[in-house]
file coords15.csv (CSV, C-alpha atoms)
chain,number,residue,atom,x,y,z
A,1,MET,CA,-15.4,-4.3,-16.4
A,2,LYS,CA,-16.3,-7.1,-18.7
A,3,ARG,CA,-14.6,-5.7,-21.8
A,4,ALA,CA,-11.4,-5.0,-20.1
A,5,ALA,CA,-11.3,-7.5,-17.3
A,6,ILE,CA,-7.5,-7.6,-16.9
A,7,THR,CA,-6.6,-4.1,-17.8
A,8,PRO,CA,-7.1,-1.8,-14.8
A,9,ALA,CA,-4.9,-3.5,-12.2
A,10,LEU,CA,-2.4,-4.4,-14.9
A,11,MET,CA,-2.2,-0.8,-16.3
A,12,VAL,CA,-1.5,0.6,-12.8
A,13,ALA,CA,1.1,-2.1,-12.4
A,14,LEU,CA,2.7,-1.3,-15.7
A,15,ALA,CA,2.7,2.4,-14.9
A,16,ALA,CA,4.5,1.7,-11.7
A,17,ALA,CA,7.0,-0.5,-13.5
A,18,ALA,CA,7.6,2.1,-16.2
A,19,THR,CA,8.4,4.8,-13.7
A,20,ALA,CA,10.5,2.3,-11.8
A,21,ALA,CA,13.0,2.2,-14.7
A,22,ASN,CA,13.6,6.0,-14.3
A,23,THR,CA,13.9,5.7,-10.5
A,24,ALA,CA,16.5,2.9,-10.8
A,25,THR,CA,18.8,5.1,-12.8
A,26,ASN,CA,18.4,8.2,-10.7
A,27,ALA,CA,19.7,7.8,-7.1
A,28,THR,CA,18.2,11.2,-6.1
A,29,ASN,CA,14.7,9.9,-6.9
A,30,ALA,CA,14.9,7.0,-4.6
A,31,THR,CA,12.1,7.4,-2.1
A,32,ASN,CA,12.3,3.9,-0.8
A,33,ALA,CA,11.9,3.2,2.9
A,34,SER,CA,15.4,1.8,2.9
A,35,ALA,CA,17.1,4.7,1.1
A,36,LYS,CA,20.5,3.1,1.6
A,37,ALA,CA,19.6,-0.1,-0.2
A,38,ALA,CA,17.8,1.9,-2.9
A,39,SER,CA,20.8,4.1,-3.6
A,40,ALA,CA,23.0,1.0,-3.7
A,41,THR,CA,20.6,-0.5,-6.2
A,42,ALA,CA,20.6,2.7,-8.2
A,43,ALA,CA,24.4,2.9,-8.2
A,44,HIS,CA,24.4,-0.7,-9.4
A,45,ALA,CA,21.9,0.1,-12.1
A,46,ALA,CA,24.0,3.0,-13.3
A,47,THR,CA,27.0,0.7,-13.9
A,48,THR,CA,25.2,-2.3,-15.2
A,49,GLN,CA,22.1,-1.5,-17.3
A,50,ASP,CA,19.1,-3.3,-15.9
A,51,PRO,CA,18.0,-5.8,-18.5
A,52,ARG,CA,14.4,-5.7,-17.3
A,53,ARG,CA,12.0,-3.9,-19.6
A,54,SER,CA,8.6,-2.6,-18.6
A,55,GLY,CA,5.6,-3.5,-20.7
A,56,PHE,CA,5.1,0.2,-20.9
A,57,ASP,CA,8.0,0.6,-23.3
A,58,PRO,CA,6.7,-1.2,-26.4
A,59,MET,CA,3.3,0.5,-26.2
A,60,SER,CA,2.2,3.1,-28.8
A,61,ALA,CA,2.9,6.7,-28.0
A,62,ALA,CA,-0.8,7.3,-27.7
A,63,THR,CA,-1.3,4.6,-25.1
A,64,GLN,CA,1.8,5.8,-23.2
A,65,ALA,CA,0.4,9.3,-23.1
A,66,MET,CA,-3.0,8.0,-21.9
A,67,GLN,CA,-1.4,6.1,-19.1
A,68,ARG,CA,0.8,9.0,-18.0
A,69,ASP,CA,-2.2,11.2,-17.6
A,70,ASP,CA,-4.4,10.2,-14.6
A,71,ALA,CA,-7.3,12.2,-16.0
A,72,LEU,CA,-7.3,10.2,-19.2
A,73,ASN,CA,-6.5,6.8,-17.8
A,74,PRO,CA,-9.7,4.7,-17.3
A,75,ALA,CA,-7.8,2.6,-14.8
A,76,MET,CA,-8.2,5.5,-12.4
A,77,LEU,CA,-11.9,4.6,-12.2
A,78,CYS,CA,-10.9,1.3,-10.8
A,79,VAL,CA,-8.4,3.0,-8.4
A,80,MET,CA,-11.2,5.3,-7.1
A,81,ASP,CA,-13.3,2.2,-6.5
A,82,GLY,CA,-10.5,0.6,-4.6
A,83,ARG,CA,-10.0,3.8,-2.6
A,84,ALA,CA,-13.6,3.7,-1.5
A,85,ARG,CA,-13.4,0.0,-0.7
A,86,TRP,CA,-10.2,0.6,1.3
A,87,SER,CA,-12.0,2.9,3.8
A,88,ALA,CA,-15.5,1.4,3.8
A,89,ARG,CA,-16.3,-1.3,6.3
A,90,GLU,CA,-18.2,-4.0,4.5
A,91,ALA,CA,-21.4,-5.5,6.0
A,92,GLY,CA,-20.3,-8.3,8.3
A,93,ALA,CA,-16.7,-7.2,8.5
A,94,SER,CA,-15.0,-6.5,11.8
A,95,ARG,CA,-13.1,-3.6,10.3
A,96,ALA,CA,-12.1,-1.8,7.2
A,97,CYS,CA,-8.7,-2.0,5.5
A,98,GLU,CA,-7.8,1.4,6.8
A,99,ASN,CA,-8.5,0.6,10.4
A,100,CYS,CA,-5.3,-1.5,10.4
A,101,HIS,CA,-3.3,-0.1,7.6
A,102,GLY,CA,-4.2,3.6,8.0
A,103,ASP,CA,-6.0,6.0,5.8
A,104,ALA,CA,-2.9,7.3,4.1
A,105,ALA,CA,-1.4,5.1,1.5
A,106,SER,CA,2.1,5.0,3.0
A,107,PRO,CA,1.8,1.8,5.0
A,108,VAL,CA,1.2,-0.2,1.8
A,109,ARG,CA,3.8,1.8,-0.3
A,110,GLY,CA,6.1,-0.7,-2.0
A,111,ALA,CA,3.8,-3.7,-1.3
A,112,ALA,CA,3.0,-4.2,-5.0
A,113,ALA,CA,6.7,-4.0,-5.8
A,114,ARG,CA,7.7,-6.8,-3.5
A,115,HIS,CA,5.0,-9.3,-4.3
A,116,PRO,CA,4.8,-12.2,-4.9
A,117,ALA,CA,6.5,-12.9,-1.6
A,118,TRP,CA,6.8,-15.8,0.8
A,119,ASN,CA,4.0,-15.9,3.3
A,120,GLU,CA,4.8,-17.5,6.7
A,121,THR,CA,1.2,-18.3,7.6
A,122,ALA,CA,0.3,-19.8,4.3
A,123,GLY,CA,3.7,-21.5,3.9
A,124,ARG,CA,3.8,-20.7,0.2
A,125,PRO,CA,4.4,-17.7,-2.1
A,126,VAL,CA,1.4,-15.4,-2.3
A,127,THR,CA,0.6,-12.7,-4.9
A,128,LEU,CA,-0.7,-9.3,-3.9
A,129,ALA,CA,-4.3,-10.4,-4.6
A,130,GLN,CA,-3.9,-13.5,-2.4
A,131,ARG,CA,-2.4,-11.3,0.3
A,132,ILE,CA,-5.5,-9.0,0.2
A,133,ASN,CA,-7.8,-12.0,0.4
A,134,ALA,CA,-5.8,-13.4,3.3
A,135,CYS,CA,-6.3,-10.1,5.1
A,136,ARG,CA,-10.1,-10.3,4.4
A,137,GLU,CA,-10.4,-13.8,5.8
A,138,ARG,CA,-8.1,-13.5,8.8
A,139,ARG,CA,-8.6,-9.8,9.9
A,140,GLN,CA,-11.9,-8.8,8.5
A,141,GLY,CA,-13.8,-12.0,8.8
A,142,LEU,CA,-15.0,-11.8,5.2
A,143,PRO,CA,-15.2,-14.4,2.4
A,144,PRO,CA,-12.3,-14.0,-0.1
A,145,LEU,CA,-13.0,-12.2,-3.3
A,146,ALA,CA,-13.0,-14.2,-6.5
A,147,PRO,CA,-9.8,-14.0,-8.6
A,148,GLU,CA,-10.1,-11.2,-11.2
A,149,SER,CA,-13.3,-10.0,-9.6
A,150,GLU,CA,-14.2,-6.3,-9.7
A,151,GLY,CA,-13.6,-5.8,-6.0
A,152,LEU,CA,-10.3,-7.5,-5.9
A,153,GLN,CA,-9.1,-5.7,-9.0
A,154,ALA,CA,-10.1,-2.4,-7.5
A,155,LEU,CA,-8.2,-3.1,-4.2
A,156,GLN,CA,-5.2,-4.3,-6.2
A,157,ALA,CA,-5.3,-1.2,-8.4
A,158,TRP,CA,-5.4,1.1,-5.4
A,159,VAL,CA,-2.7,-0.7,-3.4
A,160,GLY,CA,-0.7,-1.0,-6.6
A,161,LEU,CA,-0.8,2.7,-7.2
A,162,GLN,CA,0.9,3.3,-3.9
A,163,SER,CA,4.0,1.7,-5.3
A,164,ARG,CA,4.1,4.1,-8.2
A,165,GLY,CA,7.7,5.1,-9.1
A,166,LEU,CA,9.3,2.4,-7.0
A,167,PRO,CA,11.5,-0.1,-8.7
A,168,MET,CA,10.2,-3.7,-8.8
A,169,ALA,CA,11.9,-5.4,-5.9
A,170,PRO,CA,11.2,-9.1,-5.8
A,171,PRO,CA,12.4,-10.6,-2.5
A,172,SER,CA,15.5,-12.7,-2.7
A,173,ASP,CA,14.0,-15.4,-0.5
A,174,PRO,CA,15.4,-18.9,-1.2
A,175,ARG,CA,12.0,-20.4,-0.4
A,176,LEU,CA,10.6,-18.7,-3.6
A,177,ALA,CA,13.1,-20.5,-5.8
A,178,PRO,CA,10.9,-23.6,-6.6
A,179,ALA,CA,8.0,-21.3,-7.6
A,180,THR,CA,10.3,-19.1,-9.7
A,181,GLU,CA,11.7,-22.2,-11.4
A,182,GLN,CA,8.2,-23.5,-12.1
A,183,GLY,CA,7.3,-20.1,-13.6
A,184,ARG,CA,10.3,-20.2,-15.8
A,185,THR,CA,9.3,-23.7,-17.1
A,186,LEU,CA,5.8,-22.6,-17.7
B,187,MET,CA,-18.6,-0.2,-10.1
B,188,SER,CA,-20.5,2.6,-8.5
B,189,ALA,CA,-21.5,5.6,-10.6
B,190,ARG,CA,-18.5,7.8,-11.0
B,191,MET,CA,-17.8,10.8,-13.1
B,192,PRO,CA,-14.3,12.2,-12.3
B,193,ILE,CA,-14.0,15.8,-13.5
B,194,HIS,CA,-10.6,17.4,-14.1
B,195,LEU,CA,-10.1,21.1,-14.6
B,196,THR,CA,-7.9,23.9,-13.3
B,197,LYS,CA,-9.6,24.8,-10.0
B,198,SER,CA,-8.8,28.5,-10.4
B,199,ALA,CA,-8.5,30.7,-13.5
B,200,ARG,CA,-8.4,34.4,-14.4
B,201,ARG,CA,-11.5,36.0,-15.9
B,202,GLY,CA,-11.5,35.4,-19.7
B,203,ASP,CA,-9.2,32.4,-19.5
B,204,LEU,CA,-9.9,29.3,-21.5
B,205,VAL,CA,-10.4,26.4,-19.1
B,206,GLN,CA,-10.2,22.8,-20.3
B,207,ILE,CA,-12.7,20.5,-18.7
B,208,ARG,CA,-12.2,16.8,-18.9
B,209,VAL,CA,-14.6,14.2,-17.6
B,210,THR,CA,-14.7,10.5,-17.7
B,211,LEU,CA,-18.1,8.8,-17.4
B,212,ALA,CA,-17.8,5.5,-15.7
B,213,HIS,CA,-20.3,3.4,-17.5
B,214,PRO,CA,-20.4,-0.1,-19.2
B,215,MET,CA,-22.0,1.4,-22.4
B,216,GLU,CA,-23.5,-2.0,-23.4
B,217,THR,CA,-24.5,-1.7,-27.1
B,218,GLY,CA,-27.5,-3.9,-27.1
B,219,CYS,CA,-25.9,-5.8,-30.0
B,220,ARG,CA,-23.9,-8.4,-28.0
B,221,ASN,CA,-24.9,-11.8,-26.7
B,222,ASP,CA,-23.9,-13.4,-23.4
B,223,ALA,CA,-22.3,-16.8,-23.1
B,224,GLU,CA,-25.8,-18.5,-23.5
B,225,GLY,CA,-26.6,-16.6,-26.6
B,226,ARG,CA,-29.1,-14.3,-25.0
B,227,ARG,CA,-29.1,-10.8,-26.3
B,228,LEU,CA,-27.7,-8.3,-23.7
B,229,PRO,CA,-30.1,-5.4,-23.3
B,230,ARG,CA,-28.8,-2.0,-24.3
B,231,ASP,CA,-27.5,0.1,-21.4
B,232,ILE,CA,-25.9,3.3,-22.5
B,233,VAL,CA,-25.6,6.9,-21.4
B,234,ARG,CA,-27.8,8.9,-23.8
B,235,ARG,CA,-27.2,12.5,-22.8
B,236,VAL,CA,-24.5,14.5,-20.9
B,237,GLU,CA,-25.0,18.1,-20.1
B,238,CYS,CA,-22.7,20.7,-18.4
B,239,ARG,CA,-24.2,23.8,-16.9
B,240,TYR,CA,-22.1,26.8,-15.7
B,241,ASP,CA,-24.1,28.5,-13.1
B,242,GLY,CA,-27.3,27.0,-14.6
B,243,GLU,CA,-26.4,28.0,-18.2
B,244,LEU,CA,-25.9,25.2,-20.6
B,245,VAL,CA,-22.4,25.3,-21.9
B,246,PHE,CA,-21.9,21.8,-23.2
B,247,ALA,CA,-24.1,18.9,-24.2
B,248,ALA,CA,-23.5,15.6,-25.9
B,249,ASP,CA,-25.7,12.9,-27.2
B,250,LEU,CA,-24.1,9.5,-26.9
B,251,HIS,CA,-24.9,6.5,-29.0
B,252,PRO,CA,-24.3,2.7,-29.0
B,253,ALA,CA,-20.8,1.8,-30.3
B,254,ILE,CA,-19.2,4.4,-28.0
B,255,ALA,CA,-16.7,2.5,-25.9
B,256,ALA,CA,-17.2,1.9,-22.2
B,257,ASN,CA,-16.2,4.7,-19.8
B,258,PRO,CA,-16.5,7.5,-22.4
B,259,TYR,CA,-14.1,10.4,-22.0
B,260,LEU,CA,-15.1,13.9,-22.9
B,261,ALA,CA,-13.0,17.1,-23.1
B,262,PHE,CA,-14.2,20.6,-23.9
B,263,ASN,CA,-13.2,24.2,-23.3
B,264,CYS,CA,-15.1,26.9,-21.6
B,265,ILE,CA,-14.3,30.6,-20.9
B,266,ALA,CA,-14.0,31.4,-17.2
B,267,MET,CA,-16.5,34.2,-16.5
B,268,GLU,CA,-17.0,34.3,-12.8
B,269,THR,CA,-16.7,32.0,-9.8
B,270,GLY,CA,-19.4,29.5,-10.1
B,271,THR,CA,-20.5,25.9,-10.2
B,272,LEU,CA,-20.1,23.5,-13.1
B,273,GLY,CA,-22.9,21.1,-12.8
B,274,PHE,CA,-22.7,17.9,-14.8
B,275,SER,CA,-25.7,15.7,-15.4
B,276,ARG,CA,-26.1,12.5,-17.4
B,277,ARG,CA,-28.9,10.2,-18.1
B,278,GLY,CA,-29.3,7.0,-19.9
B,279,ASP,CA,-31.1,3.7,-20.3
B,280,ASN,CA,-33.1,2.1,-17.5
B,281,GLY,CA,-33.7,5.4,-15.8
B,282,PHE,CA,-30.1,6.0,-15.2
B,283,ALA,CA,-29.3,9.5,-13.9
B,284,HIS,CA,-26.3,10.9,-12.2
B,285,THR,CA,-25.1,14.4,-11.3
B,286,GLU,CA,-21.8,15.8,-10.1
B,287,SER,CA,-20.6,19.4,-9.7
B,288,VAL,CA,-17.3,21.2,-9.2
B,289,THR,CA,-16.6,24.8,-8.4
B,290,LEU,CA,-14.5,26.9,-10.7
B,291,GLU,CA,-12.8,29.8,-8.9
B,292,VAL,CA,-12.3,32.9,-11.1
B,293,THR,CA,-10.1,35.7,-10.0
call {"tool": "encode", "arguments": {"input": "coords15.csv", "output": "structure tokens"}}
result
Amino acid sequence: MKRAAITPALMVALAAAATAANTATNATNATNASAKAASATAAHAATTQDPRRSGFDPMSAATQAMQRDDALNPAMLCVMDGRARWSAREAGASRACENCHGDAASPVRGAAARHPAWNETAGRPVTLAQRINACRERRQGLPPLAPESEGLQALQAWVGLQSRGLPMAPPSDPRLAPATEQGRTL
Amino acid sequence: MSARMPIHLTKSARRGDLVQIRVTLAHPMETGCRNDAEGRRLPRDIVRRVECRYDGELVFAADLHPAIAANPYLAFNCIAMETGTLGFSRRGDNGFAHTESVTLEVT
């Protein structure tokens, strides 16, 4: 992945965010676990236009078409890789991802939309990648994957795809405020 | 990334229908013209030849060259004749070889 190190996970994330804009304005599309909260959000979005814009919007028509079509999108190679890693038990691991989280994608549906989130164990905000690595260390007994490494990107892409169509839902945890503020400064 | 060649096509078609077959070849397609961070030339590593056989008969082939981007995408059309196997094979530098096959149902 050396030529496009950041793209696969990012492209899936963008595709998720792009479809999220449609979901937010259409209450009937809300497939969120908490349908009540989702429809409330959708109703809110209908009255006050969501100022957030997906990175998908300013892309060229050709790039958008490519990302809409899973058969064309090279990020799907990364997703397939992530799918394989999800169900395979690595050498030295006590279990595979799916042994805890299940084979179907549903248990991690929405995970990408609500990260970064506060992590009680770590006592700090964690990104989706850090969450995956925490699972590796604590539950699987494996060394963490390097940031931006192929394996971590693949798992992120696979988990990220499970949030496709869901609106981005950053948690309103007050403990995240300092990190949010720091991000704004940066 | 392990060797992958996702193939997309309509799984069933009527006899005489035109079927579009789309395949992505997961491959770095290293040109052989680039250097690494230490200035050493990266050896060429590309897919040279892709072939598709419909029940053993060659229906599509492509010769690939350096300067083709990583993970090449190929799309072509084929007329559905009878239920059969579409076998894809590709080979490249350093003895690389990989095959995949899908079944096309013709009614």
call {"tool": "closest_residue", "arguments": {"input": "coords15.csv", "among": "B:Ala253, B:Leu228, B:Ala212, B:Ile193", "to": "Leu272 in chain B", "atoms": "all atoms listed in the file"}}
result
B:Ile193
call {"tool": "closest_atom_pairs", "arguments": {"input": "coords15.csv", "of": "chain A", "to": "chain B", "cutoff": "7 Å", "atoms": "only C-alpha atoms", "output": "Markdown table"}}
result
| residue | atom | partner | partner_atom | distance |
| --- | --- | --- | --- | --- |
| A:Ala71 | CA | B:His194 | CA | 6.4 |
| A:Pro74 | CA | B:Asn257 | CA | 7.0 |
| A:Leu77 | CA | B:Ala212 | CA | 6.9 |
| A:Asp81 | CA | B:Met187 | CA | 6.8 |
call {"tool": "closest_residue", "arguments": {"input": "coords15.csv", "among": "A:Gly55, A:Ala65, A:Gly110, A:Met80", "to": "Gly165 in chain A", "atoms": "only C-alpha atoms"}}
result
A:Gly110
call {"tool": "residues_near_point", "arguments": {"input": "coords15.csv", "point": "(-21.3, 18.0, -8.0)", "cutoff": "7 Å", "atoms": "all atoms listed in the file", "output": "ChimeraX atom specification"}}
result
/B:273-274,285-288
call {"tool": "residues_around", "arguments": {"input": "coords15.csv", "residues": "Ile265 in chain B", "least_positions_apart": "3", "cutoff": "8 Å", "atoms": "all atoms listed in the file", "output": "list in words"}}
result
Arg201, Gly202, Asp203, Leu204 and Val205 of chain B
call {"tool": "atom_distance", "arguments": {"input": "coords15.csv", "atom1": "CA of Trp158 in chain A", "atom2": "CA of Arg109 in chain A"}}
result
10.5 Å
call {"tool": "closest_residue", "arguments": {"input": "coords15.csv", "among": "A:Val108, A:Leu128, A:Ala113, A:Ala154", "to": "Ala169 in chain A", "atoms": "only C-alpha atoms"}}
result
A:Ala113
call {"tool": "atom_distance", "arguments": {"input": "coords15.csv", "atom1": "CA of Ile254 in chain B", "atom2": "CA of Arg220 in chain B"}}
result
13.6 Å
call {"tool": "atom_distance", "arguments": {"input": "coords15.csv", "atom1": "CA of Pro125 in chain A", "atom2": "CA of Arg184 in chain A"}}
result
15.1 Å
call {"tool": "closest_residue", "arguments": {"input": "coords15.csv", "among": "B:Pro252, B:Gly218, B:Gly225, B:Gly270", "to": "Tyr240 in chain B", "atoms": "only C-alpha atoms"}}
result
B:Gly270
call {"tool": "residues_near_point", "arguments": {"input": "coords15.csv", "point": "(-10.2, 0.6, -0.4)", "cutoff": "10 Å", "atoms": "all atoms listed in the file", "output": "PDB file with C-alpha atoms, keeping the file's coordinate frame"}}
result
ATOM      1  CA  VAL A  79      -8.400   3.000  -8.400  1.00  0.00           C
ATOM      2  CA  MET A  80     -11.200   5.300  -7.100  1.00  0.00           C
ATOM      3  CA  ASP A  81     -13.300   2.200  -6.500  1.00  0.00           C
ATOM      4  CA  GLY A  82     -10.500   0.600  -4.600  1.00  0.00           C
ATOM      5  CA  ARG A  83     -10.000   3.800  -2.600  1.00  0.00           C
ATOM      6  CA  ALA A  84     -13.600   3.700  -1.500  1.00  0.00           C
ATOM      7  CA  ARG A  85     -13.400   0.000  -0.700  1.00  0.00           C
ATOM      8  CA  TRP A  86     -10.200   0.600   1.300  1.00  0.00           C
ATOM      9  CA  SER A  87     -12.000   2.900   3.800  1.00  0.00           C
ATOM     10  CA  ALA A  88     -15.500   1.400   3.800  1.00  0.00           C
ATOM     11  CA  ARG A  89     -16.300  -1.300   6.300  1.00  0.00           C
ATOM     12  CA  ALA A  96     -12.100  -1.800   7.200  1.00  0.00           C
ATOM     13  CA  CYS A  97      -8.700  -2.000   5.500  1.00  0.00           C
ATOM     14  CA  GLU A  98      -7.800   1.400   6.800  1.00  0.00           C
ATOM     15  CA  ASP A 103      -6.000   6.000   5.800  1.00  0.00           C
ATOM     16  CA  GLY A 151     -13.600  -5.800  -6.000  1.00  0.00           C
ATOM     17  CA  LEU A 152     -10.300  -7.500  -5.900  1.00  0.00           C
ATOM     18  CA  ALA A 154     -10.100  -2.400  -7.500  1.00  0.00           C
ATOM     19  CA  LEU A 155      -8.200  -3.100  -4.200  1.00  0.00           C
ATOM     20  CA  GLN A 156      -5.200  -4.300  -6.200  1.00  0.00           C
ATOM     21  CA  ALA A 157      -5.300  -1.200  -8.400  1.00  0.00           C
ATOM     22  CA  TRP A 158      -5.400   1.100  -5.400  1.00  0.00           C
ATOM     23  CA  VAL A 159      -2.700  -0.700  -3.400  1.00  0.00           C
TER      24      VAL A 159
END
call {"tool": "residues_around", "arguments": {"input": "coords15.csv", "residues": "Thr271 in chain B", "least_positions_apart": "5", "cutoff": "10 Å", "atoms": "all atoms listed in the file", "output": "PyMOL selection string"}}
result
chain B and resi 238-242+287-291
call {"tool": "closest_residue", "arguments": {"input": "coords15.csv", "among": "A:Pro171, A:Arg139, A:Glu148, A:Gln182", "to": "Cys100 in chain A", "atoms": "all atoms listed in the file"}}
result
A:Arg139
call {"tool": "decode", "arguments": {"input": "coords15.csv", "residues": "range 240-255 of chain B", "atoms": "N, CA and C atoms", "output": "tab-separated table (two decimals), in the first residue's frame"}}
result
chain	number	residue	atom	x	y	z
B	240	TYR	N	-13.23	-18.92	-20.79
B	240	TYR	CA	-14.63	-19.29	-20.58
B	240	TYR	C	-14.75	-20.75	-20.98
B	241	ASP	N	-14.85	-21.61	-19.99
B	241	ASP	CA	-14.85	-23.05	-20.23
B	241	ASP	C	-13.63	-23.47	-21.04
B	242	GLY	N	-12.50	-22.91	-20.68
B	242	GLY	CA	-11.25	-23.29	-21.33
B	242	GLY	C	-10.90	-22.49	-22.56
B	243	GLU	N	-11.88	-21.79	-23.13
B	243	GLU	CA	-11.61	-21.02	-24.35
B	243	GLU	C	-11.20	-19.60	-23.98
B	244	LEU	N	-10.11	-19.15	-24.55
B	244	LEU	CA	-9.60	-17.81	-24.24
B	244	LEU	C	-10.57	-16.75	-24.78
B	245	VAL	N	-11.11	-15.92	-23.87
B	245	VAL	CA	-12.03	-14.87	-24.32
B	245	VAL	C	-11.46	-13.48	-24.10
B	246	PHE	N	-10.48	-13.38	-23.22
B	246	PHE	CA	-9.88	-12.07	-22.96
B	246	PHE	C	-8.46	-12.26	-22.46
B	247	ALA	N	-7.56	-11.40	-22.94
B	247	ALA	CA	-6.19	-11.43	-22.44
B	247	ALA	C	-5.64	-10.01	-22.48
B	248	ALA	N	-4.77	-9.71	-21.56
B	248	ALA	CA	-4.15	-8.39	-21.53
B	248	ALA	C	-2.69	-8.52	-21.13
B	249	ASP	N	-1.86	-7.78	-21.83
B	249	ASP	CA	-0.45	-7.67	-21.43
B	249	ASP	C	-0.30	-6.37	-20.68
B	250	LEU	N	0.23	-6.44	-19.47
B	250	LEU	CA	0.39	-5.24	-18.66
B	250	LEU	C	1.86	-4.82	-18.65
B	251	HIS	N	2.07	-3.55	-18.49
B	251	HIS	CA	3.41	-2.99	-18.56
B	251	HIS	C	3.69	-2.11	-17.36
B	252	PRO	N	4.97	-1.71	-17.16
B	252	PRO	CA	5.24	-0.75	-16.10
B	252	PRO	C	4.45	0.53	-16.38
B	253	ALA	N	4.29	1.36	-15.41
B	253	ALA	CA	3.54	2.62	-15.53
B	253	ALA	C	2.04	2.40	-15.45
B	254	ILE	N	1.62	1.15	-15.27
B	254	ILE	CA	0.21	0.91	-14.96
B	254	ILE	C	0.12	0.95	-13.43
B	255	ALA	N	-0.87	1.70	-12.95
B	255	ALA	CA	-0.96	1.96	-11.51
B	255	ALA	C	-1.20	0.68	-10.72
